[in-house]
Amino acid sequence: MPFVAITVASLLLTACGSGSGGGSGGTGAAGVAAGSDDVPTTDVVSSLGKDAGAAKLLPAGTKRLTVAISVGGTPPGTTYLADGTTPAGQDVDFTRAVGKVLGVRLKVEQASFEAILPALDSGKYDFGASNFGVTDERRRTIDFVTYVNDGQGFATREDSKLSRITDLRQLCGLKVATGAGTTFEATLEAGEHVCTDAGNKRYQVQTYSDPSAIWSSLQQGRSDVVMSTINGLRYAVAHQRGLKFLNEFHRLDVGFVFKKGTRLAPAFRAAVNKLIADGTYARILRKWGTSGSAISQSRISPPELKN
C-alpha cells in the first residue's frame with residue numbers, strides 16, 4: 001500500500017508570512033503545551049490507512065503530490081521541532097492525515113506564505129496548506145477544500161487603552177502590524193479610506209514576512225496593534241508576557257489551496273470528511289488546542305463567511 005513520505009526541501013529557511021494559527025475556541029491556546037512553550041508531539045496520524053472510497057476520486061495515476069507549507073510561525077501554526085528541521089503544526093498534521101487517507105506520497109516544500117498562491121498557477125506545487133482563509137476574492141483565482149474555521153482578530157499590549165475592535169475606524173491614527181500577503185493586509189488596505197472619509201487620520205499598515213518581527217514591533221512600541229489569525233493571537237497572548245487578545249473580528253473558513261479548476265478537490269474533500277467521521281479530525285484539533293475551530297463537513301470553495 002502506498003505510504004506518505006514527508007520530506008522538507010530546504011528552499012527558504014527564513015520565516016514565512018503570517019498565515020498560521022494558534023489555539024482558539026473552547027479549549028483555548030493554554031491547552032497547547034500548557035505552562036511551557038514545547039511543541040506538541042503526540043502522533044495522531046501515523047496509524048491511518050488508505051481509504052479506497054476517497055482514493056478512487058483522485059485523477060488516474062496520482063501517486064505523488066507536492067505541497068507548499070510556510071514555516072516560521074508559532075503553534076498551532078507550522079514551526080520546527082527542537083531538531084530545527086522537522087516541521088510541526090496543525091496544518092502539517094492535516095496534510096499528513098489527508099495524504100495517508102488518499103494513499104499518496106507527499107513532498108513538502110517550504111515557501112514564504114505570500115509566494116504560495118502565485119506558484120499554484122504555475123504548477124510548482126500541487127496544493128498549499130498554511131491556514132489560507134477562504135475569501136471571495138481568492139476564490140476567483142484558486143480553489144479551496146476546507147478543513148477548519150479560523151479568521152481575523154486583534155491583539156495589543158496589556159497597557160493599551162484599546163478594547164474590542166468592531167469597526168476599522170477605531171484604528172484611525174494607529175500603526176497596525178500584520179503579515180504580508182494575508183487576508184489581514186487585504187482587509188486593512190481595503191478599509192483605509194474609512195478614516196479619511198470620517199475626517200480622521202488614516203491608520204498605517206505595517207506588513208512583515210517574519211511573524212516574530214510582528215510581535216517585536218508591537219512589544220517595542222513601533223506598532224500599536226496586531227491583526228492576525230484568531231488562533232495565532234490566542235496562542236501568542238498565552239505565551240508572551242504583556243499582551244492581550246482584543247477580539248475576533250471576522251471568522252473565515254480555512255482550506256487547502258489549489259490551482260483553479262483542480263481535479264484533486266473532490267478527493268481531498270472526501271479525505272477530510274473521512275477524518276471527521278473516524279475521529280482523527282477531533283484528535284488533531286485537541287492536540288493543538290483548536291477544538292473551537294471545528295467544522296462539521298468539508299466543502300469545496302464555499303462562499304466567504306459574512307459576519
# chains A, B, ... in the order shown; residues from 1 in each chain; ligands from 1
$ select_by_dssp --residues "range 192-255 of chain A" --states "helix (DSSP H, G or I)" --output "list in words"
His193, Val194, Cys195, Thr196, Asp197, Pro211, Ser212, Ala213, Ile214, Trp215, Ser216, Ser217, Leu218, Gln219, Ile230, Asn231, Gly232, Leu233, Arg234, Tyr235, Ala236, Val237, Ala238 and His239 of chain A
$ write_last_selection --atoms "C-alpha atoms" --output "PDB file, in the first residue's frame"
ATOM      1  CA  HIS A 193     -10.480  55.072   3.382  1.00  0.00           C
ATOM      2  CA  VAL A 194     -12.892  54.830   6.337  1.00  0.00           C
ATOM      3  CA  CYS A 195     -10.666  57.085   8.419  1.00  0.00           C
ATOM      4  CA  THR A 196     -10.203  59.845   5.884  1.00  0.00           C
ATOM      5  CA  ASP A 197     -13.881  59.582   4.927  1.00  0.00           C
ATOM      6  CA  PRO A 211       5.941  36.610  12.297  1.00  0.00           C
ATOM      7  CA  SER A 212       8.485  37.264  15.036  1.00  0.00           C
ATOM      8  CA  ALA A 213       9.038  40.738  13.600  1.00  0.00           C
ATOM      9  CA  ILE A 214       5.334  41.485  14.029  1.00  0.00           C
ATOM     10  CA  TRP A 215       5.467  40.793  17.750  1.00  0.00           C
ATOM     11  CA  SER A 216       8.782  42.599  18.202  1.00  0.00           C
ATOM     12  CA  SER A 217       7.259  45.645  16.556  1.00  0.00           C
ATOM     13  CA  LEU A 218       4.325  45.563  18.970  1.00  0.00           C
ATOM     14  CA  GLN A 219       6.382  44.870  22.090  1.00  0.00           C
ATOM     15  CA  ILE A 230      -7.749  34.307  15.852  1.00  0.00           C
ATOM     16  CA  ASN A 231      -5.961  31.100  16.777  1.00  0.00           C
ATOM     17  CA  GLY A 232      -2.485  32.559  16.382  1.00  0.00           C
ATOM     18  CA  LEU A 233      -3.316  35.592  18.504  1.00  0.00           C
ATOM     19  CA  ARG A 234      -4.725  33.491  21.324  1.00  0.00           C
ATOM     20  CA  TYR A 235      -1.594  31.359  21.351  1.00  0.00           C
ATOM     21  CA  ALA A 236       0.723  34.380  21.310  1.00  0.00           C
ATOM     22  CA  VAL A 237      -1.112  36.060  24.173  1.00  0.00           C
ATOM     23  CA  ALA A 238      -0.961  32.843  26.209  1.00  0.00           C
ATOM     24  CA  HIS A 239       2.790  32.503  25.677  1.00  0.00           C
TER      25      HIS A 239
END
$ closest_residue --among "A:Val257, A:Leu252, A:Leu102, A:Ala97" --to "Leu117 in chain A" --atoms "only C-alpha atoms"
A:Val257
$ closest_atom_pairs --of "range 131-166 of chain A" --to "range 176-183 of chain A" --cutoff "12 Å" --atoms "only C-alpha atoms" --output "tab-separated table"
residue	atom	partner	partner_atom	distance
A:Asn131	CA	A:Thr182	CA	10.0
A:Phe132	CA	A:Thr182	CA	8.2
A:Gly133	CA	A:Thr183	CA	7.0
A:Val134	CA	A:Thr183	CA	9.0
A:Thr135	CA	A:Thr183	CA	8.0
A:Asp136	CA	A:Thr183	CA	10.9
A:Glu137	CA	A:Thr183	CA	9.7
A:Arg138	CA	A:Thr183	CA	9.3
A:Asp150	CA	A:Thr183	CA	11.9
A:Gly151	CA	A:Thr183	CA	9.0
A:Gln152	CA	A:Thr183	CA	8.2
A:Gly153	CA	A:Thr178	CA	10.7
A:Phe154	CA	A:Val176	CA	9.5
A:Ala155	CA	A:Ala177	CA	10.1
A:Thr156	CA	A:Val176	CA	9.7
$ closest_residue --among "A:Ala60, A:Val205, A:Val98, A:Ala129" --to "Gly77 in chain A" --atoms "only C-alpha atoms"
A:Ala129
$ closest_residue --among "A:Ile142, A:Val225, A:Leu174, A:Val272" --to "Pro118 in chain A" --atoms "only C-alpha atoms"
A:Ile142
$ atom_distance --atom1 "CA of Gly199 in chain A" --atom2 "CA of Asp167 in chain A"
15.4 Å
$ select_by_dssp --residues "range 162-295 of chain A" --states "strand (DSSP E)" --output "number ranges by chain"
A: 175-179, 204-208, 225-229, 243-259
$ write_last_selection --atoms "N, CA and C atoms" --output "compact mmCIF listing (two decimals), in the first residue's frame"
# COMPACT_ATOMS: atom_id res chain seq x y z
N LYS A 175 -0.81 52.47 14.23
CA LYS A 175 0.04 51.64 13.38
C LYS A 175 -0.35 50.18 13.60
N VAL A 176 -0.75 49.53 12.52
CA VAL A 176 -1.26 48.16 12.61
C VAL A 176 -0.30 47.20 11.94
N ALA A 177 0.26 46.25 12.69
CA ALA A 177 1.20 45.28 12.16
C ALA A 177 0.47 44.01 11.74
N THR A 178 0.87 43.45 10.61
CA THR A 178 0.23 42.23 10.12
C THR A 178 1.16 41.51 9.16
N GLY A 179 0.75 40.34 8.70
CA GLY A 179 1.57 39.53 7.80
C GLY A 179 1.42 39.93 6.35
N GLN A 204 -1.91 53.28 9.71
CA GLN A 204 -0.76 52.86 8.91
C GLN A 204 -0.62 51.35 8.97
N VAL A 205 -0.61 50.70 7.82
CA VAL A 205 -0.47 49.25 7.75
C VAL A 205 1.01 48.90 7.63
N GLN A 206 1.50 48.11 8.58
CA GLN A 206 2.89 47.67 8.58
C GLN A 206 2.90 46.17 8.31
N THR A 207 3.50 45.74 7.21
CA THR A 207 3.49 44.32 6.86
C THR A 207 4.87 43.71 7.06
N TYR A 208 4.85 42.45 7.52
CA TYR A 208 6.08 41.71 7.80
C TYR A 208 5.95 40.29 7.26
N VAL A 225 -1.04 47.83 17.38
CA VAL A 225 -1.95 46.70 17.42
C VAL A 225 -1.54 45.71 16.34
N VAL A 226 -1.85 44.43 16.56
CA VAL A 226 -1.57 43.38 15.58
C VAL A 226 -2.88 42.79 15.09
N MET A 227 -2.98 42.58 13.80
CA MET A 227 -4.11 41.87 13.21
C MET A 227 -3.58 40.57 12.64
N SER A 228 -4.17 39.44 13.06
CA SER A 228 -3.70 38.14 12.61
C SER A 228 -4.81 37.12 12.79
N THR A 229 -4.45 35.83 12.72
CA THR A 229 -5.44 34.78 12.90
C THR A 229 -5.93 34.76 14.34
N LEU A 243 0.86 41.00 26.71
CA LEU A 243 -0.05 41.09 25.59
C LEU A 243 -1.48 40.79 26.02
N LYS A 244 -2.44 41.27 25.25
CA LYS A 244 -3.84 40.92 25.49
C LYS A 244 -4.56 40.74 24.17
N PHE A 245 -5.42 39.73 24.14
CA PHE A 245 -6.26 39.47 22.97
C PHE A 245 -7.44 40.42 23.03
N LEU A 246 -7.72 41.09 21.94
CA LEU A 246 -8.82 42.04 21.92
C LEU A 246 -10.15 41.36 21.58
N ASN A 247 -10.23 40.80 20.38
CA ASN A 247 -11.49 40.16 19.99
C ASN A 247 -11.36 39.52 18.62
N GLU A 248 -12.33 38.67 18.32
CA GLU A 248 -12.49 38.16 16.96
C GLU A 248 -13.13 39.27 16.13
N PHE A 249 -12.65 39.42 14.90
CA PHE A 249 -13.18 40.46 14.03
C PHE A 249 -14.00 39.88 12.90
N HIS A 250 -13.49 38.83 12.28
CA HIS A 250 -14.19 38.24 11.13
C HIS A 250 -13.80 36.77 11.01
N ARG A 251 -14.75 35.88 11.15
CA ARG A 251 -14.49 34.45 11.02
C ARG A 251 -14.38 34.07 9.54
N LEU A 252 -13.47 33.14 9.25
CA LEU A 252 -13.27 32.64 7.89
C LEU A 252 -13.07 31.14 7.92
N ASP A 253 -13.61 30.45 6.92
CA ASP A 253 -13.23 29.06 6.72
C ASP A 253 -11.80 29.03 6.22
N VAL A 254 -11.10 27.96 6.53
CA VAL A 254 -9.69 27.78 6.13
C VAL A 254 -9.58 26.49 5.34
N GLY A 255 -8.80 26.50 4.28
CA GLY A 255 -8.72 25.30 3.47
C GLY A 255 -7.38 25.08 2.79
N PHE A 256 -7.21 23.87 2.27
CA PHE A 256 -6.12 23.58 1.35
C PHE A 256 -6.38 24.42 0.09
N VAL A 257 -5.33 24.88 -0.55
CA VAL A 257 -5.49 25.70 -1.75
C VAL A 257 -4.91 25.00 -2.97
N PHE A 258 -5.58 25.19 -4.12
CA PHE A 258 -5.22 24.52 -5.36
C PHE A 258 -5.35 25.50 -6.54
N LYS A 259 -4.72 25.14 -7.63
CA LYS A 259 -4.93 25.87 -8.88
C LYS A 259 -6.41 25.81 -9.24
$ atom_distance --atom1 "CA of Leu65 in chain A" --atom2 "CA of Arg105 in chain A"
6.3 Å
$ closest_atom_pairs --of "range 66-176 of chain A" --to "range 277-294 of chain A" --cutoff "8 Å" --atoms "only C-alpha atoms" --output "CSV"
residue,atom,partner,partner_atom,distance
A:Pro75,CA,A:Trp288,CA,7.3
A:Pro76,CA,A:Trp288,CA,5.5
A:Gly89,CA,A:Trp288,CA,7.6
A:Gln90,CA,A:Trp288,CA,6.4
A:Asp93,CA,A:Ile284,CA,7.0
A:Phe94,CA,A:Ile284,CA,7.6
A:Tyr147,CA,A:Ala294,CA,7.9
A:Val148,CA,A:Ala294,CA,5.5
A:Asn149,CA,A:Ser293,CA,4.7
A:Asp150,CA,A:Ser293,CA,5.8
$ closest_residue --among "A:Thr187, A:Ser46, A:Ser301, A:Thr262" --to "Val101 in chain A" --atoms "only C-alpha atoms"
A:Ser46
$ closest_residue --among "A:Leu168, A:Leu58, A:Val67, A:Ala88" --to "Leu188 in chain A" --atoms "only C-alpha atoms"
A:Leu168
$ closest_residue --among "A:Ala54, A:Ala270, A:Ala68, A:Leu106" --to "Leu120 in chain A" --atoms "only C-alpha atoms"
A:Ala68
